[in-house]
Amino acid sequence: MDINKHIEFFNPTLVKNKEIHIIGVGAVGSFIALFLAKLGISSIHIWDFDTVEEHNITNQLYNFKDLNKLKTEALKEHLLNNNPDLLVYCHGKYTNQILRGIIFSSVDSAELRYNIASLNQFNTEIKLLIDTRIGLESGQLYTIDWTNYEKIENYLKAINFKDNEVTTPVSACGSTLSVSPSVVITSCYAVAQLINFVNKQPITPIIVFDAFEFKTRTIK
């Protein structure tokens, strides 16, 4: 890829020895993967067990040609269309596999999000975890330096709840509501956190925003 537009600001070769895992490649995860591909990242691991359905197309990277394909396989095609040199490793459902490097946790289950973190709380091979979540008009990110055990403990305490305790906006027919502006902004913040980390700039532990009131709150 010709990355002259951003190599002076972000050099993707600095990530070469760090694995990148995106767990959950639905709305936020699929766009994170696309933005990483466009940055010239050399390899990524993508995790999902789901297939592309029609309702995914409005707020995820996929299109009608992807219907009924595994999300990981469909996403791989899109990524290679943007970055033919990218190595994409496709995985199914995350259970307790060993992770390394930089983790984007973009799952839609609070319990799975907690399991990913708790299973890896003593994993010294992980350097950074970025946890993304979206509402209808809003988004939220936790970014944890995984070399700091106190921060890991605080994060685990903050996310320890069940799926039925999570309130999400739904339509009259029970479908979860989501629009692409909130999705893309969340994805952009997540990738910006990665860039800051690689560039040895400060990362922001908590970001909360409203995409339509144009308000962002950060907690250092």
# chains A, B, ... in the order shown; residues from 1 in each chain; ligands from 1
call {"tool": "select_by_dssp", "arguments": {"residues": "chain A", "states": "helix (DSSP H, G or I)", "output": "compact mmCIF listing (two decimals) with N, CA and C atoms, in the first residue's frame"}}
result
# COMPACT_ATOMS: atom_id res chain seq x y z
N PRO A 12 2.69 1.95 10.41
CA PRO A 12 2.14 0.63 10.79
C PRO A 12 3.19 -0.43 11.05
N THR A 13 4.41 -0.23 10.57
CA THR A 13 5.45 -1.23 10.84
C THR A 13 5.81 -1.29 12.32
N LEU A 14 5.46 -0.25 13.07
CA LEU A 14 5.72 -0.25 14.51
C LEU A 14 4.85 -1.27 15.25
N VAL A 15 3.82 -1.77 14.55
CA VAL A 15 2.91 -2.77 15.15
C VAL A 15 3.29 -4.17 14.72
N ALA A 27 -20.98 -4.59 14.15
CA ALA A 27 -21.00 -3.17 13.80
C ALA A 27 -19.63 -2.52 14.01
N VAL A 28 -19.24 -2.33 15.26
CA VAL A 28 -17.99 -1.63 15.56
C VAL A 28 -16.78 -2.43 15.07
N GLY A 29 -16.77 -3.73 15.35
CA GLY A 29 -15.61 -4.54 15.01
C GLY A 29 -15.28 -4.56 13.53
N SER A 30 -16.30 -4.58 12.68
CA SER A 30 -16.04 -4.63 11.23
C SER A 30 -15.39 -3.34 10.75
N PHE A 31 -15.83 -2.20 11.30
CA PHE A 31 -15.23 -0.93 10.88
C PHE A 31 -13.84 -0.73 11.48
N ILE A 32 -13.61 -1.21 12.69
CA ILE A 32 -12.25 -1.17 13.24
C ILE A 32 -11.30 -1.92 12.31
N ALA A 33 -11.72 -3.09 11.87
CA ALA A 33 -10.89 -3.90 10.98
C ALA A 33 -10.61 -3.15 9.67
N LEU A 34 -11.62 -2.51 9.11
CA LEU A 34 -11.44 -1.77 7.87
C LEU A 34 -10.43 -0.63 8.06
N PHE A 35 -10.58 0.13 9.14
CA PHE A 35 -9.68 1.26 9.36
C PHE A 35 -8.25 0.78 9.58
N LEU A 36 -8.07 -0.34 10.26
CA LEU A 36 -6.72 -0.89 10.44
C LEU A 36 -6.13 -1.32 9.10
N ALA A 37 -6.95 -1.93 8.27
CA ALA A 37 -6.47 -2.33 6.94
C ALA A 37 -6.01 -1.12 6.15
N LYS A 38 -6.77 -0.03 6.19
CA LYS A 38 -6.43 1.18 5.45
C LYS A 38 -5.18 1.86 6.02
N LEU A 39 -4.88 1.61 7.28
CA LEU A 39 -3.67 2.16 7.87
C LEU A 39 -2.41 1.39 7.45
N GLU A 54 -29.64 -9.77 6.67
CA GLU A 54 -30.07 -8.51 6.05
C GLU A 54 -30.04 -7.33 7.02
N HIS A 55 -30.43 -7.57 8.27
CA HIS A 55 -30.48 -6.46 9.22
C HIS A 55 -29.09 -5.96 9.61
N ASN A 56 -28.05 -6.72 9.27
CA ASN A 56 -26.68 -6.29 9.57
C ASN A 56 -26.18 -5.20 8.62
N PHE A 64 -25.08 -6.71 0.46
CA PHE A 64 -25.98 -7.82 0.10
C PHE A 64 -25.25 -9.00 -0.51
N LYS A 65 -24.09 -8.79 -1.10
CA LYS A 65 -23.32 -9.90 -1.64
C LYS A 65 -22.78 -10.81 -0.53
N ASP A 66 -22.77 -10.30 0.69
CA ASP A 66 -22.23 -11.07 1.82
C ASP A 66 -23.27 -11.92 2.55
N LYS A 71 -19.34 -13.98 8.93
CA LYS A 71 -18.87 -12.59 8.97
C LYS A 71 -17.36 -12.51 8.80
N THR A 72 -16.64 -13.44 9.39
CA THR A 72 -15.18 -13.40 9.28
C THR A 72 -14.73 -13.55 7.83
N GLU A 73 -15.35 -14.47 7.10
CA GLU A 73 -14.94 -14.68 5.71
C GLU A 73 -15.35 -13.50 4.83
N ALA A 74 -16.56 -12.96 5.06
CA ALA A 74 -16.99 -11.80 4.28
C ALA A 74 -16.11 -10.60 4.57
N LEU A 75 -15.79 -10.40 5.85
CA LEU A 75 -14.95 -9.27 6.23
C LEU A 75 -13.56 -9.41 5.63
N LYS A 76 -13.03 -10.61 5.62
CA LYS A 76 -11.70 -10.83 5.03
C LYS A 76 -11.67 -10.36 3.58
N GLU A 77 -12.70 -10.64 2.82
CA GLU A 77 -12.76 -10.20 1.42
C GLU A 77 -12.71 -8.68 1.33
N HIS A 78 -13.49 -8.00 2.18
CA HIS A 78 -13.51 -6.54 2.16
C HIS A 78 -12.13 -5.97 2.53
N LEU A 79 -11.51 -6.57 3.53
CA LEU A 79 -10.21 -6.06 3.98
C LEU A 79 -9.15 -6.22 2.90
N LEU A 80 -9.15 -7.36 2.23
CA LEU A 80 -8.15 -7.60 1.19
C LEU A 80 -8.40 -6.73 -0.03
N ASN A 81 -9.64 -6.31 -0.26
CA ASN A 81 -9.92 -5.37 -1.34
C ASN A 81 -9.31 -4.00 -1.05
N ASN A 82 -9.09 -3.70 0.23
CA ASN A 82 -8.48 -2.43 0.63
C ASN A 82 -6.98 -2.55 0.83
N ALA A 110 -22.48 -8.62 27.52
CA ALA A 110 -21.74 -8.16 28.71
C ALA A 110 -21.02 -9.33 29.37
N GLU A 111 -21.65 -10.49 29.39
CA GLU A 111 -21.03 -11.65 30.04
C GLU A 111 -19.79 -12.12 29.28
N LEU A 112 -19.86 -12.13 27.95
CA LEU A 112 -18.70 -12.52 27.16
C LEU A 112 -17.58 -11.50 27.32
N ARG A 113 -17.93 -10.22 27.35
CA ARG A 113 -16.92 -9.17 27.55
C ARG A 113 -16.17 -9.40 28.86
N TYR A 114 -16.92 -9.74 29.91
CA TYR A 114 -16.29 -10.00 31.21
C TYR A 114 -15.43 -11.26 31.15
N ASN A 115 -15.92 -12.29 30.48
CA ASN A 115 -15.16 -13.54 30.39
C ASN A 115 -13.84 -13.35 29.66
N ILE A 116 -13.84 -12.56 28.59
CA ILE A 116 -12.60 -12.30 27.86
C ILE A 116 -11.57 -11.67 28.78
N ALA A 117 -12.02 -10.69 29.54
CA ALA A 117 -11.09 -9.97 30.43
C ALA A 117 -10.65 -10.83 31.60
N SER A 118 -11.59 -11.54 32.22
CA SER A 118 -11.25 -12.31 33.42
C SER A 118 -10.35 -13.50 33.09
N LEU A 119 -10.58 -14.14 31.94
CA LEU A 119 -9.73 -15.26 31.54
C LEU A 119 -8.30 -14.83 31.26
N TYR A 149 -1.82 -4.00 36.66
CA TYR A 149 -2.82 -4.91 37.24
C TYR A 149 -3.91 -4.16 38.00
N GLU A 150 -3.58 -3.05 38.62
CA GLU A 150 -4.60 -2.28 39.34
C GLU A 150 -5.68 -1.79 38.39
N LYS A 151 -5.28 -1.35 37.20
CA LYS A 151 -6.26 -0.90 36.21
C LYS A 151 -7.09 -2.06 35.68
N ILE A 152 -6.47 -3.22 35.55
CA ILE A 152 -7.21 -4.40 35.12
C ILE A 152 -8.28 -4.76 36.16
N GLU A 153 -7.90 -4.75 37.43
CA GLU A 153 -8.85 -5.06 38.51
C GLU A 153 -10.02 -4.08 38.51
N ASN A 154 -9.73 -2.80 38.36
CA ASN A 154 -10.79 -1.79 38.35
C ASN A 154 -11.73 -1.99 37.16
N TYR A 155 -11.16 -2.35 36.02
CA TYR A 155 -11.97 -2.60 34.83
C TYR A 155 -12.88 -3.80 35.04
N LEU A 156 -12.35 -4.88 35.61
CA LEU A 156 -13.15 -6.07 35.86
C LEU A 156 -14.32 -5.77 36.79
N LYS A 157 -14.08 -4.95 37.80
CA LYS A 157 -15.16 -4.57 38.72
C LYS A 157 -16.24 -3.77 37.99
N ALA A 158 -15.82 -2.94 37.06
CA ALA A 158 -16.75 -2.05 36.37
C ALA A 158 -17.63 -2.78 35.37
N ASP A 163 -26.04 -10.16 31.22
CA ASP A 163 -26.66 -9.60 30.02
C ASP A 163 -28.04 -9.01 30.31
N ASN A 164 -28.80 -9.67 31.19
CA ASN A 164 -30.15 -9.18 31.47
C ASN A 164 -30.17 -7.92 32.34
N GLU A 165 -29.00 -7.50 32.78
CA GLU A 165 -28.90 -6.25 33.55
C GLU A 165 -28.57 -5.06 32.66
N SER A 180 -25.52 4.02 12.00
CA SER A 180 -24.12 4.00 11.61
C SER A 180 -23.27 5.16 12.16
N PRO A 181 -23.79 6.39 12.34
CA PRO A 181 -22.91 7.42 12.90
C PRO A 181 -22.33 7.05 14.25
N SER A 182 -23.13 6.52 15.16
CA SER A 182 -22.63 6.12 16.47
C SER A 182 -21.61 5.00 16.34
N VAL A 183 -21.87 4.08 15.42
CA VAL A 183 -20.96 2.94 15.19
C VAL A 183 -19.60 3.42 14.70
N VAL A 184 -19.62 4.27 13.69
CA VAL A 184 -18.36 4.70 13.05
C VAL A 184 -17.55 5.58 14.00
N ILE A 185 -18.21 6.46 14.75
CA ILE A 185 -17.48 7.30 15.71
C ILE A 185 -16.80 6.43 16.76
N THR A 186 -17.51 5.44 17.27
CA THR A 186 -16.92 4.53 18.25
C THR A 186 -15.70 3.83 17.66
N SER A 187 -15.83 3.37 16.44
CA SER A 187 -14.71 2.69 15.77
C SER A 187 -13.52 3.61 15.59
N CYS A 188 -13.79 4.86 15.23
CA CYS A 188 -12.71 5.84 15.03
C CYS A 188 -11.98 6.11 16.34
N TYR A 189 -12.71 6.28 17.42
CA TYR A 189 -12.07 6.49 18.72
C TYR A 189 -11.20 5.29 19.09
N ALA A 190 -11.69 4.09 18.82
CA ALA A 190 -10.94 2.88 19.17
C ALA A 190 -9.61 2.83 18.42
N VAL A 191 -9.66 3.11 17.12
CA VAL A 191 -8.43 3.07 16.32
C VAL A 191 -7.50 4.22 16.72
N ALA A 192 -8.06 5.37 17.06
CA ALA A 192 -7.23 6.49 17.53
C ALA A 192 -6.49 6.12 18.81
N GLN A 193 -7.15 5.36 19.69
CA GLN A 193 -6.49 4.91 20.91
C GLN A 193 -5.29 4.01 20.58
N LEU A 194 -5.47 3.12 19.62
CA LEU A 194 -4.37 2.26 19.18
C LEU A 194 -3.21 3.10 18.64
N ILE A 195 -3.53 4.09 17.81
CA ILE A 195 -2.48 4.93 17.24
C ILE A 195 -1.72 5.65 18.35
N ASN A 196 -2.44 6.21 19.32
CA ASN A 196 -1.77 6.88 20.43
C ASN A 196 -0.87 5.93 21.21
N PHE A 197 -1.36 4.72 21.42
CA PHE A 197 -0.57 3.73 22.16
C PHE A 197 0.72 3.40 21.42
N VAL A 198 0.61 3.15 20.12
CA VAL A 198 1.79 2.81 19.32
C VAL A 198 2.76 3.99 19.25
call {"tool": "select_by_dssp", "arguments": {"residues": "stretch 72-195 of chain A", "states": "strand (DSSP E)", "output": "list in words"}}
result
Leu87, Val88, Tyr89, Cys90, His91, Gly101, Ile102, Ile103, Phe104, Ser105, Ile126, Lys127, Leu128, Leu129, Ile130, Asp131, Thr132, Arg133, Ile134, Ser138, Gly139, Gln140, Leu141, Tyr142, Thr143, Ile144 and Asp145 of chain A
call {"tool": "closest_residue", "arguments": {"among": "A:Val25, A:Thr51, A:Gln60, A:Lys93", "to": "A:Ser105", "atoms": "only C-alpha atoms"}}
result
A:Val25
call {"tool": "residues_around", "arguments": {"residues": "stretch 205-216 of chain A", "least_positions_apart": "3", "cutoff": "7 Å", "atoms": "only C-alpha atoms", "output": "NGL selection string"}}
result
:A and (137-144 or 181-182 or 219-220)
call {"tool": "atom_distance", "arguments": {"atom1": "atom CA of A:Phe49", "atom2": "atom CA of A:Thr95"}}
result
11.2 Å
call {"tool": "atom_distance", "arguments": {"atom1": "atom CA of A:Lys162", "atom2": "atom CA of A:Arg133"}}
result
15.0 Å
call {"tool": "decode", "arguments": {"residues": "stretch 95-113 of chain A", "atoms": "C-alpha atoms", "output": "PDB file, in the first residue's frame"}}
result
ATOM      1  CA  THR A  95     -13.941 -19.345  24.389  1.00  0.00           C
ATOM      2  CA  ASN A  96     -10.679 -19.461  26.316  1.00  0.00           C
ATOM      3  CA  GLN A  97      -8.012 -19.220  23.632  1.00  0.00           C
ATOM      4  CA  ILE A  98      -4.714 -17.563  24.533  1.00  0.00           C
ATOM      5  CA  LEU A  99      -4.505 -13.977  23.275  1.00  0.00           C
ATOM      6  CA  ARG A 100      -1.498 -11.741  22.701  1.00  0.00           C
ATOM      7  CA  GLY A 101      -0.756  -8.168  21.812  1.00  0.00           C
ATOM      8  CA  ILE A 102      -3.610  -5.691  21.350  1.00  0.00           C
ATOM      9  CA  ILE A 103      -7.240  -6.704  21.879  1.00  0.00           C
ATOM     10  CA  PHE A 104     -10.369  -4.968  20.608  1.00  0.00           C
ATOM     11  CA  SER A 105     -13.322  -6.362  22.549  1.00  0.00           C
ATOM     12  CA  SER A 106     -16.355  -5.512  20.414  1.00  0.00           C
ATOM     13  CA  VAL A 107     -18.844  -8.140  21.507  1.00  0.00           C
ATOM     14  CA  ASP A 108     -22.519  -7.461  22.193  1.00  0.00           C
ATOM     15  CA  SER A 109     -22.690  -9.624  25.324  1.00  0.00           C
ATOM     16  CA  ALA A 110     -21.744  -8.163  28.709  1.00  0.00           C
ATOM     17  CA  GLU A 111     -21.032 -11.646  30.043  1.00  0.00           C
ATOM     18  CA  LEU A 112     -18.696 -12.523  27.157  1.00  0.00           C
ATOM     19  CA  ARG A 113     -16.918  -9.167  27.550  1.00  0.00           C
TER      20      ARG A 113
END
